[in-house]
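S.K.: To be precise about what I am sending: the file is called protein_1.pdb and holds PDB, C-alpha atoms and all ligand atoms.
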```pdb
ATOM      1  CA  MET Z1009     -14.010   5.241 -15.678
ATOM      2  CA  SER Z1010     -17.301   7.104 -15.658
ATOM      3  CA  ASP Z1011     -19.728   7.654 -18.497
ATOM      4  CA  PRO Z1012     -18.495  10.461 -20.773
ATOM      5  CA  PRO Z1013     -18.828  13.689 -18.820
ATOM      6  CA  ASN Z1014     -19.274  15.865 -21.949
ATOM      7  CA  VAL Z1015     -22.553  17.083 -20.524
ATOM      8  CA  TYR Z1016     -20.608  18.784 -17.765
ATOM      9  CA  ALA Z1017     -18.526  20.559 -20.376
ATOM     10  CA  ARG Z1018     -21.647  21.888 -22.052
ATOM     11  CA  TRP Z1019     -23.328  22.978 -18.836
ATOM     12  CA  ALA Z1020     -20.324  24.079 -16.784
ATOM     13  CA  ALA Z1021     -21.405  27.727 -16.514
ATOM     14  CA  LEU Z1022     -24.961  26.802 -15.577
ATOM     15  CA  TYR Z1023     -23.738  24.194 -13.093
ATOM     16  CA  ASP Z1024     -21.507  26.802 -11.526
ATOM     17  CA  SER Z1025     -24.430  29.165 -11.020
ATOM     18  CA  VAL Z1026     -26.303  26.630  -8.875
ATOM     19  CA  ALA Z1027     -23.350  24.886  -7.222
ATOM     20  CA  ASP Z1028     -22.854  27.645  -4.673
ATOM     21  CA  LEU Z1029     -26.440  28.393  -3.682
ATOM     22  CA  PRO Z1030     -26.678  29.259   0.033
ATOM     23  CA  VAL Z1031     -28.550  26.053   0.876
ATOM     24  CA  LEU Z1032     -25.789  24.012  -0.747
ATOM     25  CA  ARG Z1033     -23.125  25.857   1.217
ATOM     26  CA  SER Z1034     -24.379  24.489   4.528
ATOM     27  CA  TRP Z1035     -24.374  20.947   3.130
ATOM     28  CA  ARG Z1036     -20.874  21.435   1.809
ATOM     29  CA  ALA Z1037     -19.719  22.651   5.215
ATOM     30  CA  ARG Z1038     -21.108  19.504   6.838
ATOM     31  CA  ALA Z1039     -19.325  17.337   4.307
ATOM     32  CA  ALA Z1040     -16.054  19.128   5.069
ATOM     33  CA  ASP Z1041     -16.656  18.630   8.811
ATOM     34  CA  ALA Z1042     -16.988  14.876   8.277
ATOM     35  CA  LEU Z1043     -13.320  14.743   7.245
ATOM     36  CA  ASP Z1044     -11.968  15.884  10.655
ATOM     37  CA  LEU Z1045      -9.401  18.049   8.910
ATOM     38  CA  SER Z1046      -6.575  19.785  10.751
ATOM     39  CA  ALA Z1047      -4.502  22.808   9.872
ATOM     40  CA  GLY Z1048      -1.769  21.871   7.403
ATOM     41  CA  ASP Z1049      -3.609  18.863   5.956
ATOM     42  CA  THR Z1050      -3.847  17.978   2.289
ATOM     43  CA  VAL Z1051      -7.401  17.218   1.222
ATOM     44  CA  VAL Z1052      -8.259  15.872  -2.218
ATOM     45  CA  GLU Z1053     -11.659  16.400  -3.737
ATOM     46  CA  MET Z1054     -12.570  13.861  -6.411
ATOM     47  CA  GLY Z1055     -14.808  15.215  -9.172
ATOM     48  CA  CYS Z1056     -14.455  18.715  -7.758
ATOM     49  CA  GLY Z1057     -16.447  20.295 -10.576
ATOM     50  CA  THR Z1058     -16.469  24.081 -10.318
ATOM     51  CA  GLY Z1059     -14.729  24.021  -6.936
ATOM     52  CA  ALA Z1060     -17.702  24.980  -4.793
ATOM     53  CA  ASN Z1061     -16.325  22.974  -1.854
ATOM     54  CA  VAL Z1062     -12.929  24.610  -2.016
ATOM     55  CA  PRO Z1063     -13.650  27.613   0.265
ATOM     56  CA  VAL Z1064     -14.912  25.421   3.124
ATOM     57  CA  LEU Z1065     -12.077  22.947   2.713
ATOM     58  CA  ARG Z1066      -9.535  25.740   2.590
ATOM     59  CA  ARG Z1067     -10.781  27.233   5.835
ATOM     60  CA  ARG Z1068     -10.302  23.896   7.549
ATOM     61  CA  VAL Z1069      -6.749  23.171   6.334
ATOM     62  CA  GLY Z1070      -5.599  26.756   6.787
ATOM     63  CA  ALA Z1071      -2.855  28.678   5.065
ATOM     64  CA  GLY Z1072      -0.349  25.842   5.459
ATOM     65  CA  GLY Z1073      -2.641  23.184   4.025
ATOM     66  CA  ARG Z1074      -3.489  22.106   0.498
ATOM     67  CA  VAL Z1075      -6.742  21.552  -1.349
ATOM     68  CA  VAL Z1076      -6.414  19.476  -4.499
ATOM     69  CA  GLY Z1077      -9.370  19.252  -6.863
ATOM     70  CA  VAL Z1078      -9.449  16.483  -9.463
ATOM     71  CA  ASP Z1079     -11.892  16.590 -12.359
ATOM     72  CA  LEU Z1080     -12.144  15.126 -15.820
ATOM     73  CA  THR Z1081     -13.879  18.136 -17.371
ATOM     74  CA  ARG Z1082     -11.676  21.024 -18.389
ATOM     75  CA  GLU Z1083     -14.636  23.426 -18.572
ATOM     76  CA  MET Z1084     -15.655  22.694 -14.975
ATOM     77  CA  LEU Z1085     -12.113  23.412 -13.785
ATOM     78  CA  ALA Z1086     -12.066  26.637 -15.816
ATOM     79  CA  GLN Z1087     -15.118  27.792 -13.878
ATOM     80  CA  ALA Z1088     -13.390  26.898 -10.617
ATOM     81  CA  ARG Z1089     -10.330  28.909 -11.560
ATOM     82  CA  ALA Z1090     -12.478  31.953 -12.313
ATOM     83  CA  HIS Z1091     -13.444  32.403  -8.634
ATOM     84  CA  ASP Z1092     -11.126  34.294  -6.311
ATOM     85  CA  ASP Z1093     -12.247  32.300  -3.279
ATOM     86  CA  ARG Z1094     -11.569  28.985  -5.050
ATOM     87  CA  THR Z1095      -8.034  29.780  -6.146
ATOM     88  CA  GLY Z1096      -4.794  30.984  -4.612
ATOM     89  CA  ASP Z1097      -2.024  29.594  -2.468
ATOM     90  CA  GLY Z1098      -2.552  26.006  -1.493
ATOM     91  CA  VAL Z1099      -5.279  25.312  -4.070
ATOM     92  CA  HIS Z1100      -4.451  23.028  -6.992
ATOM     93  CA  TYR Z1101      -6.665  21.714  -9.768
ATOM     94  CA  LEU Z1102      -5.724  18.588 -11.679
ATOM     95  CA  LEU Z1103      -7.365  17.544 -14.915
ATOM     96  CA  GLY Z1104      -7.661  13.785 -14.495
ATOM     97  CA  ASP Z1105      -9.729  10.714 -13.899
ATOM     98  CA  ALA Z1106     -10.858  10.360 -10.302
ATOM     99  CA  THR Z1107     -11.096   6.588 -10.722
ATOM    100  CA  ARG Z1108      -7.314   6.621 -11.171
ATOM    101  CA  PRO Z1109      -6.456   9.599  -8.980
ATOM    102  CA  PRO Z1110      -3.393  11.541 -10.095
ATOM    103  CA  VAL Z1111      -2.296  12.093  -6.492
ATOM    104  CA  ASP Z1112       0.278  10.282  -4.401
ATOM    105  CA  SER Z1113      -1.076  10.855  -0.956
ATOM    106  CA  ALA Z1114      -3.580  12.864   1.010
ATOM    107  CA  ASP Z1115      -4.861  13.288   4.544
ATOM    108  CA  ALA Z1116      -8.506  13.075   3.494
ATOM    109  CA  VAL Z1117     -10.683  12.549   0.415
ATOM    110  CA  LEU Z1118     -14.039  14.115  -0.345
ATOM    111  CA  ALA Z1119     -16.480  13.329  -3.160
ATOM    112  CA  THR Z1120     -19.753  15.257  -3.349
ATOM    113  CA  PHE Z1121     -22.478  14.454  -5.885
ATOM    114  CA  VAL Z1122     -20.022  12.267  -7.763
ATOM    115  CA  ALA Z1123     -20.401   8.575  -6.831
ATOM    116  CA  GLY Z1124     -23.480   8.250  -9.044
ATOM    117  CA  VAL Z1125     -21.585   9.082 -12.223
ATOM    118  CA  PHE Z1126     -19.197   6.131 -12.159
ATOM    119  CA  ALA Z1127     -19.820   2.855 -13.950
ATOM    120  CA  ASP Z1128     -17.867   1.086 -11.173
ATOM    121  CA  PRO Z1129     -18.281   3.215  -8.034
ATOM    122  CA  ALA Z1130     -16.813   0.562  -5.726
ATOM    123  CA  ALA Z1131     -13.541   0.591  -7.659
ATOM    124  CA  ALA Z1132     -13.471   4.380  -7.451
ATOM    125  CA  VAL Z1133     -13.929   4.281  -3.679
ATOM    126  CA  ASP Z1134     -11.148   1.694  -3.437
ATOM    127  CA  ALA Z1135      -8.835   4.039  -5.315
ATOM    128  CA  TRP Z1136      -9.778   6.916  -3.004
ATOM    129  CA  CYS Z1137      -9.178   4.866   0.133
ATOM    130  CA  ASP Z1138      -5.789   3.894  -1.268
ATOM    131  CA  CYS Z1139      -4.848   7.595  -1.504
ATOM    132  CA  VAL Z1140      -4.921   8.093   2.252
ATOM    133  CA  ALA Z1141      -3.056   6.510   5.136
ATOM    134  CA  PRO Z1142      -4.745   4.265   7.700
ATOM    135  CA  GLY Z1143      -6.620   6.489  10.116
ATOM    136  CA  ASP Z1144      -7.499   9.154   7.540
ATOM    137  CA  ARG Z1145     -11.076   9.877   6.518
ATOM    138  CA  VAL Z1146     -13.005   9.594   3.258
ATOM    139  CA  ALA Z1147     -16.463  11.176   2.894
ATOM    140  CA  LEU Z1148     -19.207  10.830   0.280
ATOM    141  CA  LEU Z1149     -22.153  13.199  -0.036
ATOM    142  CA  ASN Z1150     -25.011  12.211  -2.338
ATOM    143  CA  PHE Z1151     -28.639  12.659  -3.103
ATOM    144  CA  GLN Z1152     -30.791   9.721  -2.102
ATOM    145  CA  ARG Z1153     -34.426   8.754  -1.823
ATOM    146  CA  SER Z1154     -35.797  10.105   1.408
ATOM    147  CA  ARG Z1155     -36.874   7.545   4.025
ATOM    148  CA  ASN Z1156     -38.820  10.230   5.816
ATOM    149  CA  PRO Z1157     -42.461   9.005   5.793
ATOM    150  CA  LEU Z1158     -43.632  12.497   4.945
ATOM    151  CA  ALA Z1159     -41.267  12.736   2.008
ATOM    152  CA  THR Z1160     -41.823   9.297   0.514
ATOM    153  CA  PRO Z1161     -44.823  10.264  -1.608
ATOM    154  CA  VAL Z1162     -42.807  13.035  -3.179
ATOM    155  CA  ASN Z1163     -39.677  11.042  -3.889
ATOM    156  CA  VAL Z1164     -40.147  12.307  -7.375
ATOM    157  CA  ALA Z1165     -37.940  15.139  -6.137
ATOM    158  CA  PHE Z1166     -35.118  12.619  -5.958
ATOM    159  CA  GLU Z1167     -35.527  11.917  -9.667
ATOM    160  CA  GLY Z1168     -35.092  15.635 -10.288
ATOM    161  CA  PHE Z1169     -31.954  15.835  -8.161
ATOM    162  CA  VAL Z1170     -30.502  12.872 -10.029
ATOM    163  CA  ARG Z1171     -31.120  14.441 -13.397
ATOM    164  CA  LEU Z1172     -29.514  17.662 -12.218
ATOM    165  CA  SER Z1173     -26.407  16.126 -10.701
ATOM    166  CA  ALA Z1174     -25.856  13.281 -13.193
ATOM    167  CA  PRO Z1175     -27.576  14.643 -16.257
ATOM    168  CA  GLY Z1176     -26.036  12.766 -19.138
ATOM    169  CA  THR Z1177     -25.028   9.491 -17.548
ATOM    170  CA  ARG Z1178     -26.050   6.413 -19.490
ATOM    171  CA  LEU Z1179     -28.340   4.822 -16.963
ATOM    172  CA  SER Z1180     -31.467   2.823 -17.645
ATOM    173  CA  ARG Z1181     -34.051   4.995 -19.334
ATOM    174  CA  GLN Z1182     -36.784   3.247 -17.388
ATOM    175  CA  SER Z1183     -35.368   4.051 -14.020
ATOM    176  CA  HIS Z1184     -32.608   6.570 -14.090
ATOM    177  CA  ALA Z1185     -33.070   7.165 -10.380
ATOM    178  CA  ASP Z1186     -32.922   3.445  -9.472
ATOM    179  CA  ALA Z1187     -29.697   2.972 -11.385
ATOM    180  CA  PHE Z1188     -28.220   6.105  -9.848
ATOM    181  CA  GLU Z1189     -29.140   4.938  -6.357
ATOM    182  CA  ARG Z1190     -27.572   1.523  -6.990
ATOM    183  CA  ARG Z1191     -24.302   3.252  -7.842
ATOM    184  CA  VAL Z1192     -24.393   5.390  -4.721
ATOM    185  CA  THR Z1193     -25.188   2.309  -2.630
ATOM    186  CA  ALA Z1194     -22.277   0.423  -4.201
ATOM    187  CA  ALA Z1195     -19.942   3.301  -3.315
ATOM    188  CA  ARG Z1196     -21.212   3.432   0.261
ATOM    189  CA  ASP Z1197     -20.982  -0.340   0.667
ATOM    190  CA  ARG Z1198     -17.371  -0.312  -0.425
ATOM    191  CA  LEU Z1199     -16.612   2.582   1.919
ATOM    192  CA  ALA Z1200     -18.169   0.541   4.731
ATOM    193  CA  GLU Z1201     -15.893  -2.403   3.865
ATOM    194  CA  ARG Z1202     -12.788  -0.242   3.844
ATOM    195  CA  THR Z1203     -13.398   1.930   6.907
ATOM    196  CA  VAL Z1204     -14.110   1.992  10.620
ATOM    197  CA  ASP Z1205     -15.520   4.744  12.828
ATOM    198  CA  ARG Z1206     -18.218   5.354  10.225
ATOM    199  CA  ARG Z1207     -20.698   8.179  10.451
ATOM    200  CA  TYR Z1208     -23.891   8.584   8.532
ATOM    201  CA  GLU Z1209     -26.118  11.623   8.626
ATOM    202  CA  THR Z1210     -28.983  12.774   6.506
ATOM    203  CA  PHE Z1211     -30.266  16.253   5.902
ATOM    204  CA  ALA Z1212     -32.422  18.256   3.484
ATOM    205  CA  GLY Z1213     -35.467  16.259   4.534
ATOM    206  CA  GLY Z1214     -33.582  12.993   4.139
ATOM    207  CA  TYR Z1215     -32.750  13.656   0.491
ATOM    208  CA  LEU Z1216     -29.052  13.993   1.198
ATOM    209  CA  GLY Z1217     -26.857  11.366   2.772
ATOM    210  CA  LEU Z1218     -23.367  11.987   4.084
ATOM    211  CA  VAL Z1219     -21.286   8.887   4.752
ATOM    212  CA  SER Z1220     -17.743   8.976   6.063
ATOM    213  CA  GLY Z1221     -15.263   6.591   7.595
ATOM    214  CA  ARG Z1222     -11.698   6.200   8.751
ATOM    215  CA  VAL Z1223      -9.654   3.996   6.443
ATOM    216  CA  GLU Z1224      -8.322   0.852   8.129
TER     217      GLU Z1224
HETATM  218  C1  LIG Y1301     -22.420  16.587 -10.302
HETATM  219  S1  LIG Y1301     -20.819  17.240 -10.597
HETATM  220  C2  LIG Y1301     -20.256  17.458  -8.907
HETATM  221  C3  LIG Y1301     -19.242  18.546  -8.802
HETATM  222  C4  LIG Y1301     -18.812  18.886  -7.387
HETATM  223  N1  LIG Y1301     -18.296  17.746  -6.678
HETATM  224  C5  LIG Y1301     -19.912  19.543  -6.583
HETATM  225  O1  LIG Y1301     -20.175  19.119  -5.459
HETATM  226  O2  LIG Y1301     -20.490  20.520  -7.064
HETATM  227  C6  LIG Y1301     -19.904  15.784 -11.100
HETATM  228  C7  LIG Y1301     -18.481  16.100 -11.516
HETATM  229  O3  LIG Y1301     -17.779  14.862 -11.711
HETATM  230  C8  LIG Y1301     -16.883  15.032 -12.802
HETATM  231  N2  LIG Y1301     -16.486  13.705 -13.287
HETATM  232  C9  LIG Y1301     -17.241  12.780 -13.917
HETATM  233  N3  LIG Y1301     -16.523  11.677 -14.150
HETATM  234  C10 LIG Y1301     -15.284  11.907 -13.654
HETATM  235  C11 LIG Y1301     -14.077  11.149 -13.573
HETATM  236  N4  LIG Y1301     -13.989   9.905 -14.054
HETATM  237  N5  LIG Y1301     -13.002  11.698 -12.983
HETATM  238  C12 LIG Y1301     -13.060  12.965 -12.482
HETATM  239  N6  LIG Y1301     -14.166  13.720 -12.527
HETATM  240  C13 LIG Y1301     -15.257  13.201 -13.101
HETATM  241  C14 LIG Y1301     -17.661  15.877 -13.783
HETATM  242  O4  LIG Y1301     -16.804  16.514 -14.708
HETATM  243  C15 LIG Y1301     -18.351  16.853 -12.833
HETATM  244  O5  LIG Y1301     -17.555  17.992 -12.629
END
```
The structure given in the file should be rewritten as structure tokens.
M.R.:
Amino acid sequence: MSDPPNVYARWAALYDSVADLPVLRSWRARAADALDLSAGDTVVEMGCGTGANVPVLRRRVGAGGRVVGVDLTREMLAQARAHDDRTGDGVHYLLGDATRPPVDSADAVLATFVAGVFADPAAAVDAWCDCVAPGDRVALLNFQRSRNPLATPVNVAFEGFVRLSAPGTRLSRQSHADAFERRVTAARDRLAERTVDRRYETFAGGYLGLVSGRVE
């Protein structure tokens, strides 16, 4: 279970207004690419928020595929349902806890800007890997501290990203960013244990990390 996501309820409309900024769209497309989706697939997005990934996922699974978004916050899903390009045939939103996914099976699982909100991210990743069959991919996209030598002095930007994407989570007041990064690392470590054929890429000056793997 994550910390209470009430903050997402309060800020759903504001979140929605930034979730689909053009710069984010290219990152979302890369995350979708990491899943190696085929036409007709079912892809589940954990913590789908306002559904900003849905258009890119939908394009990849085609008219015969399914995109299933799971989120614990009713208000975030209401925003998703208000967009024409995030609704329609083959798109389903489920109000539920992504640490106990309300889905039987999928061909791929995506989680963007989500791993840092869970108290036990490794358990969440385990549950996601259990949703897919051996050979299917799971991908995690998250903010991280940049290792780029030019960026290191301004890693303060990372702190800002963390506060934007995990605003109300009960992490250490002294180092919100450290605690957030530990959660993301725990999620990635568990994905590494559960998968083969792993890929890791960074973008946005090293501030974003995309990790994916094929479940064994
Ligand atoms: C930072 S937003 C990310 C939204 C979306 N993935 C994106 O890329 O824009 C985090 C989302 O996780 C959801 N969330 C938090 N805890 C959750 C849980 N246990 N199960 C499902 N969703 C959860 C919140 O409601 C929120 O919509």
S.K.: To test your reading of the syntax: which residues would the PyMOL selection byres (((not hetatm)) within 6 of (chain Y and resi 1301)) return for the file shown? Reply as a ChimeraX atom specification.
M.R.: /Z:1009-1010,1013,1016,1027,1055-1057,1060,1078-1081,1084,1104-1107,1119-1122,1125,1173-1174
S.K.: From the list Z:Gly1096, Z:Leu1085, Z:Arg1155, Z:Val1069, which residue is nearest Asp1044 in chain Z when using only C-alpha atoms?
M.R.: Z:Val1069
S.K.: Distance cut-off 7 Å, centre (-9.2, 26.1, -5.8) in file coordinates, counting all atoms listed in the file: which residues qualify? Return them as a list in words.
M.R.: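 Neighbouring residues, ordered by chain and number, come to Gly1059, Val1062, Val1075, Gly1077, Ala1088, Arg1089, Arg1094, Thr1095, Gly1096, Val1099, His1100 and Tyr1101 of chain Z.
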S.K.: Take the residues from that selection and put them in a file with C-alpha atoms, as an mmCIF file, in the coordinates of the input.
M.R.:
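To be explicit, this is the file written out as selection-v3.cif:
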```cif
data_model
loop_
_atom_site.group_PDB
_atom_site.id
_atom_site.type_symbol
_atom_site.label_atom_id
_atom_site.label_comp_id
_atom_site.auth_asym_id
_atom_site.auth_seq_id
_atom_site.Cartn_x
_atom_site.Cartn_y
_atom_site.Cartn_z
ATOM 1 C CA GLY Z 1059 -14.729 24.021 -6.936
ATOM 2 C CA VAL Z 1062 -12.929 24.610 -2.016
ATOM 3 C CA VAL Z 1075 -6.742 21.552 -1.349
ATOM 4 C CA GLY Z 1077 -9.370 19.252 -6.863
ATOM 5 C CA ALA Z 1088 -13.390 26.898 -10.617
ATOM 6 C CA ARG Z 1089 -10.330 28.909 -11.560
ATOM 7 C CA ARG Z 1094 -11.569 28.985 -5.050
ATOM 8 C CA THR Z 1095 -8.034 29.780 -6.146
ATOM 9 C CA GLY Z 1096 -4.794 30.984 -4.612
ATOM 10 C CA VAL Z 1099 -5.279 25.312 -4.070
ATOM 11 C CA HIS Z 1100 -4.451 23.028 -6.992
ATOM 12 C CA TYR Z 1101 -6.665 21.714 -9.768
#
```
S.K.: Just want the 12 Å neighbourhood of Ala1037 in chain Z, counted on all atoms listed in the file, with same-chain residues fewer than 2 positions away dropped. Output as a ChimeraX atom specification.
M.R.: /Z:1028,1030-1035,1039-1045,1060-1068,1118,1120,1149,1218
S.K.: Which one of Z:Ser1113, Z:Gln1087, Z:Thr1050, Z:Thr1210 sits closest to Trp1019 in chain Z if you count all atoms listed in the file?
M.R.: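 Closest to Trp1019 in chain Z, using all atoms listed in the file: Z:Gln1087.
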S.K.: Report, in Å to a single decimal, how far apart CA of Phe1126 in chain Z and CA of Thr1193 in chain Z are.
M.R.: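 Value for the CA of Thr1193 in chain Z-CA of Phe1126 in chain Z distance: 11.9 Å.
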S.K.: Between CA of Val1111 in chain Z and CA of Gly1098 in chain Z, measure the distance and give it in Å to one decimal.
M.R.: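 Computed distance, CA of Val1111 in chain Z to CA of Gly1098 in chain Z, equals 14.8 Å.
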S.K.: Report the closest atom pair, with its distance in Å rounded to one decimal, for each residue of range 1101-1152 of chain Z that has an atom no farther than 8 Å from range 1221-1224 of chain Z; count only C-alpha atoms, sort by chain and then rising residue number, and write it as JSON lines.
M.R.:
```
{"residue": "Z:Cys1137", "atom": "CA", "partner": "Z:Val1223", "partner_atom": "CA", "distance": 6.4}
{"residue": "Z:Val1140", "atom": "CA", "partner": "Z:Val1223", "partner_atom": "CA", "distance": 7.5}
{"residue": "Z:Ala1141", "atom": "CA", "partner": "Z:Val1223", "partner_atom": "CA", "distance": 7.2}
{"residue": "Z:Pro1142", "atom": "CA", "partner": "Z:Glu1224", "partner_atom": "CA", "distance": 5.0}
{"residue": "Z:Gly1143", "atom": "CA", "partner": "Z:Arg1222", "partner_atom": "CA", "distance": 5.3}
{"residue": "Z:Asp1144", "atom": "CA", "partner": "Z:Arg1222", "partner_atom": "CA", "distance": 5.3}
{"residue": "Z:Arg1145", "atom": "CA", "partner": "Z:Arg1222", "partner_atom": "CA", "distance": 4.3}
{"residue": "Z:Val1146", "atom": "CA", "partner": "Z:Gly1221", "partner_atom": "CA", "distance": 5.7}
{"residue": "Z:Ala1147", "atom": "CA", "partner": "Z:Gly1221", "partner_atom": "CA", "distance": 6.7}
```
